[in-house]
Amino acid sequence: MRSGLIAVLCLLTVAPAAHAASIAYVDGGDVWLSSLDGSKKVRLAAPVVNSAGKTEKWLAVAASDGGRIVAARNEPGKISRSSWFKVWEPDGTSTVEGPLNSPGGWTIYVYPLGFDITADGKHLVY
């Protein structure tokens, strides 16, 4: 995906009072966090090489009002059930990661078409 186009699905977050507002975005398959004016940038994650040796780029990112950030990744050309997500806390630590699940059945899902996290940062929606 084009890096300029990938910045969609980004939400502004207000960090704790000691920090400026920021924006989370995907550029070149990496997850980034930046101040609104772009003067400070931090890379949260680079593409992941899976057990088969294939590179999984980060495809979508969202942020809650409290600063929690979530991103989804997948190997290009793979089905949605191969998608994974990771959550970062406002301090940059990450404790939650796992597959994007869907109900079982005969339907083949194509997701995430839309990707978001609730304002309180407690629920992932896709």
# chains A, B, ... in the order shown; residues from 1 in each chain; ligands from 1

call {"tool": "residues_around", "arguments": {"residues": "Ser34 (chain A)", "least_positions_apart": "5", "cutoff": "10 Å", "atoms": "only C-alpha atoms", "output": "PDB file with all heavy atoms, in the first residue's frame"}}
result
ATOM      1  N   ALA A  20       2.263  15.926  24.402  1.00  0.00           N
ATOM      2  CA  ALA A  20       1.465  16.575  23.369  1.00  0.00           C
ATOM      3  C   ALA A  20       0.569  15.548  22.692  1.00  0.00           C
ATOM      4  O   ALA A  20       0.764  14.353  22.829  1.00  0.00           O
ATOM      5  CB  ALA A  20       2.394  17.216  22.341  1.00  0.00           C
ATOM      6  N   ALA A  21      -0.411  16.020  21.951  1.00  0.00           N
ATOM      7  CA  ALA A  21      -1.277  15.132  21.171  1.00  0.00           C
ATOM      8  C   ALA A  21      -0.436  14.416  20.120  1.00  0.00           C
ATOM      9  O   ALA A  21       0.614  14.891  19.705  1.00  0.00           O
ATOM     10  CB  ALA A  21      -2.394  15.946  20.518  1.00  0.00           C
ATOM     11  N   SER A  22      -0.897  13.248  19.696  1.00  0.00           N
ATOM     12  CA  SER A  22      -0.123  12.468  18.741  1.00  0.00           C
ATOM     13  C   SER A  22      -1.034  11.753  17.764  1.00  0.00           C
ATOM     14  O   SER A  22      -2.256  11.735  17.929  1.00  0.00           O
ATOM     15  CB  SER A  22       0.741  11.447  19.485  1.00  0.00           C
ATOM     16  OG  SER A  22      -0.066  10.588  20.248  1.00  0.00           O
ATOM     17  N   ILE A  23      -0.418  11.173  16.748  1.00  0.00           N
ATOM     18  CA  ILE A  23      -1.150  10.418  15.743  1.00  0.00           C
ATOM     19  C   ILE A  23      -0.377   9.128  15.460  1.00  0.00           C
ATOM     20  O   ILE A  23       0.850   9.132  15.407  1.00  0.00           O
ATOM     21  CB  ILE A  23      -1.358  11.248  14.452  1.00  0.00           C
ATOM     22  CG1 ILE A  23      -2.262  10.514  13.490  1.00  0.00           C
ATOM     23  CG2 ILE A  23      -0.050  11.619  13.816  1.00  0.00           C
ATOM     24  CD1 ILE A  23      -2.777  11.383  12.359  1.00  0.00           C
ATOM     25  N   ALA A  24      -1.117   8.026  15.315  1.00  0.00           N
ATOM     26  CA  ALA A  24      -0.517   6.739  14.969  1.00  0.00           C
ATOM     27  C   ALA A  24      -0.800   6.481  13.499  1.00  0.00           C
ATOM     28  O   ALA A  24      -1.895   6.770  13.018  1.00  0.00           O
ATOM     29  CB  ALA A  24      -1.105   5.631  15.842  1.00  0.00           C
ATOM     30  N   TYR A  25       0.177   5.932  12.782  1.00  0.00           N
ATOM     31  CA  TYR A  25      -0.003   5.669  11.362  1.00  0.00           C
ATOM     32  C   TYR A  25       0.911   4.539  10.898  1.00  0.00           C
ATOM     33  O   TYR A  25       1.831   4.151  11.599  1.00  0.00           O
ATOM     34  CB  TYR A  25       0.230   6.936  10.537  1.00  0.00           C
ATOM     35  CG  TYR A  25       1.643   7.487  10.604  1.00  0.00           C
ATOM     36  CD1 TYR A  25       2.563   7.196   9.602  1.00  0.00           C
ATOM     37  CD2 TYR A  25       2.038   8.296  11.663  1.00  0.00           C
ATOM     38  CE1 TYR A  25       3.856   7.698   9.661  1.00  0.00           C
ATOM     39  CE2 TYR A  25       3.325   8.800  11.728  1.00  0.00           C
ATOM     40  CZ  TYR A  25       4.227   8.501  10.724  1.00  0.00           C
ATOM     41  OH  TYR A  25       5.502   8.997  10.780  1.00  0.00           O
ATOM     42  N   SER A  39       7.460  16.716  14.522  1.00  0.00           N
ATOM     43  CA  SER A  39       8.809  16.960  15.032  1.00  0.00           C
ATOM     44  C   SER A  39       9.368  15.785  15.835  1.00  0.00           C
ATOM     45  O   SER A  39      10.579  15.630  15.947  1.00  0.00           O
ATOM     46  CB  SER A  39       8.832  18.225  15.892  1.00  0.00           C
ATOM     47  OG  SER A  39       8.006  18.060  17.034  1.00  0.00           O
ATOM     48  N   LYS A  40       8.490  14.954  16.399  1.00  0.00           N
ATOM     49  CA  LYS A  40       8.930  13.781  17.161  1.00  0.00           C
ATOM     50  C   LYS A  40       8.223  12.555  16.610  1.00  0.00           C
ATOM     51  O   LYS A  40       7.002  12.513  16.523  1.00  0.00           O
ATOM     52  CB  LYS A  40       8.596  13.941  18.643  1.00  0.00           C
ATOM     53  CG  LYS A  40       9.319  15.069  19.315  1.00  0.00           C
ATOM     54  CD  LYS A  40       8.944  15.172  20.771  1.00  0.00           C
ATOM     55  CE  LYS A  40       9.644  16.369  21.398  1.00  0.00           C
ATOM     56  NZ  LYS A  40       9.288  16.509  22.808  1.00  0.00           N
ATOM     57  N   LYS A  41       9.009  11.542  16.212  1.00  0.00           N
ATOM     58  CA  LYS A  41       8.456  10.299  15.672  1.00  0.00           C
ATOM     59  C   LYS A  41       9.109   9.123  16.372  1.00  0.00           C
ATOM     60  O   LYS A  41      10.305   9.136  16.632  1.00  0.00           O
ATOM     61  CB  LYS A  41       8.720  10.186  14.175  1.00  0.00           C
ATOM     62  CG  LYS A  41       8.043  11.238  13.338  1.00  0.00           C
ATOM     63  CD  LYS A  41       8.362  11.047  11.873  1.00  0.00           C
ATOM     64  CE  LYS A  41       7.764  12.152  11.045  1.00  0.00           C
ATOM     65  NZ  LYS A  41       8.121  12.021   9.629  1.00  0.00           N
ATOM     66  N   VAL A  42       8.302   8.098  16.629  1.00  0.00           N
ATOM     67  CA  VAL A  42       8.799   6.871  17.236  1.00  0.00           C
ATOM     68  C   VAL A  42       8.227   5.698  16.461  1.00  0.00           C
ATOM     69  O   VAL A  42       7.017   5.636  16.235  1.00  0.00           O
ATOM     70  CB  VAL A  42       8.353   6.767  18.716  1.00  0.00           C
ATOM     71  CG1 VAL A  42       8.763   5.436  19.314  1.00  0.00           C
ATOM     72  CG2 VAL A  42       8.898   7.917  19.530  1.00  0.00           C
ATOM     73  N   ARG A  43       9.096   4.771  16.036  1.00  0.00           N
ATOM     74  CA  ARG A  43       8.616   3.563  15.365  1.00  0.00           C
ATOM     75  C   ARG A  43       8.250   2.553  16.438  1.00  0.00           C
ATOM     76  O   ARG A  43       9.092   2.156  17.236  1.00  0.00           O
ATOM     77  CB  ARG A  43       9.658   2.990  14.425  1.00  0.00           C
ATOM     78  CG  ARG A  43       9.120   1.776  13.653  1.00  0.00           C
ATOM     79  CD  ARG A  43      10.052   1.312  12.593  1.00  0.00           C
ATOM     80  NE  ARG A  43      11.228   0.728  13.226  1.00  0.00           N
ATOM     81  CZ  ARG A  43      12.197   0.136  12.566  1.00  0.00           C
ATOM     82  NH1 ARG A  43      12.182   0.081  11.260  1.00  0.00           N
ATOM     83  NH2 ARG A  43      13.224  -0.372  13.210  1.00  0.00           N
TER      84      ARG A  43
END

call {"tool": "residues_around", "arguments": {"residues": "Arg68 (chain A)", "least_positions_apart": "3", "cutoff": "12 Å", "atoms": "only C-alpha atoms", "output": "JSON, numbers by chain"}}
result
{"A": [11, 12, 13, 14, 15, 16, 22, 23, 24, 33, 61, 62, 63, 64, 65, 71, 86, 87, 88, 89, 90, 91, 92, 93, 94, 95, 96, 116, 117, 118, 119, 120, 121, 122, 123, 124]}

call {"tool": "closest_residue", "arguments": {"among": "A:Leu44, A:Ala52, A:Val70, A:Leu100", "to": "Ser83 (chain A)", "atoms": "only C-alpha atoms"}}
result
A:Leu100

call {"tool": "closest_residue", "arguments": {"among": "A:Trp32, A:Lys57, A:Ser102, A:Gly114", "to": "Tyr126 (chain A)", "atoms": "only C-alpha atoms"}}
result
A:Gly114

call {"tool": "closest_residue", "arguments": {"among": "A:Asp37, A:Lys78, A:Ala72, A:Val26", "to": "Glu97 (chain A)", "atoms": "only C-alpha atoms"}}
result
A:Ala72

call {"tool": "select_by_dssp", "arguments": {"residues": "region 20-123 of chain A", "states": "strand (DSSP E)", "output": "ChimeraX atom specification"}}
result
/A:22-27,30-35,41-45,48-49,55-63,69-74,84-88,94-99,116-117

call {"tool": "residues_around", "arguments": {"residues": "Ala45 (chain A)", "least_positions_apart": "2", "cutoff": "7 Å", "atoms": "only C-alpha atoms", "output": "list in words"}}
result
Asp30, Val31, Arg43 and Pro47 of chain A

call {"tool": "closest_residue", "arguments": {"among": "A:Val48, A:Leu36, A:Ala60, A:Val125", "to": "Glu75 (chain A)", "atoms": "only C-alpha atoms"}}
result
A:Val48
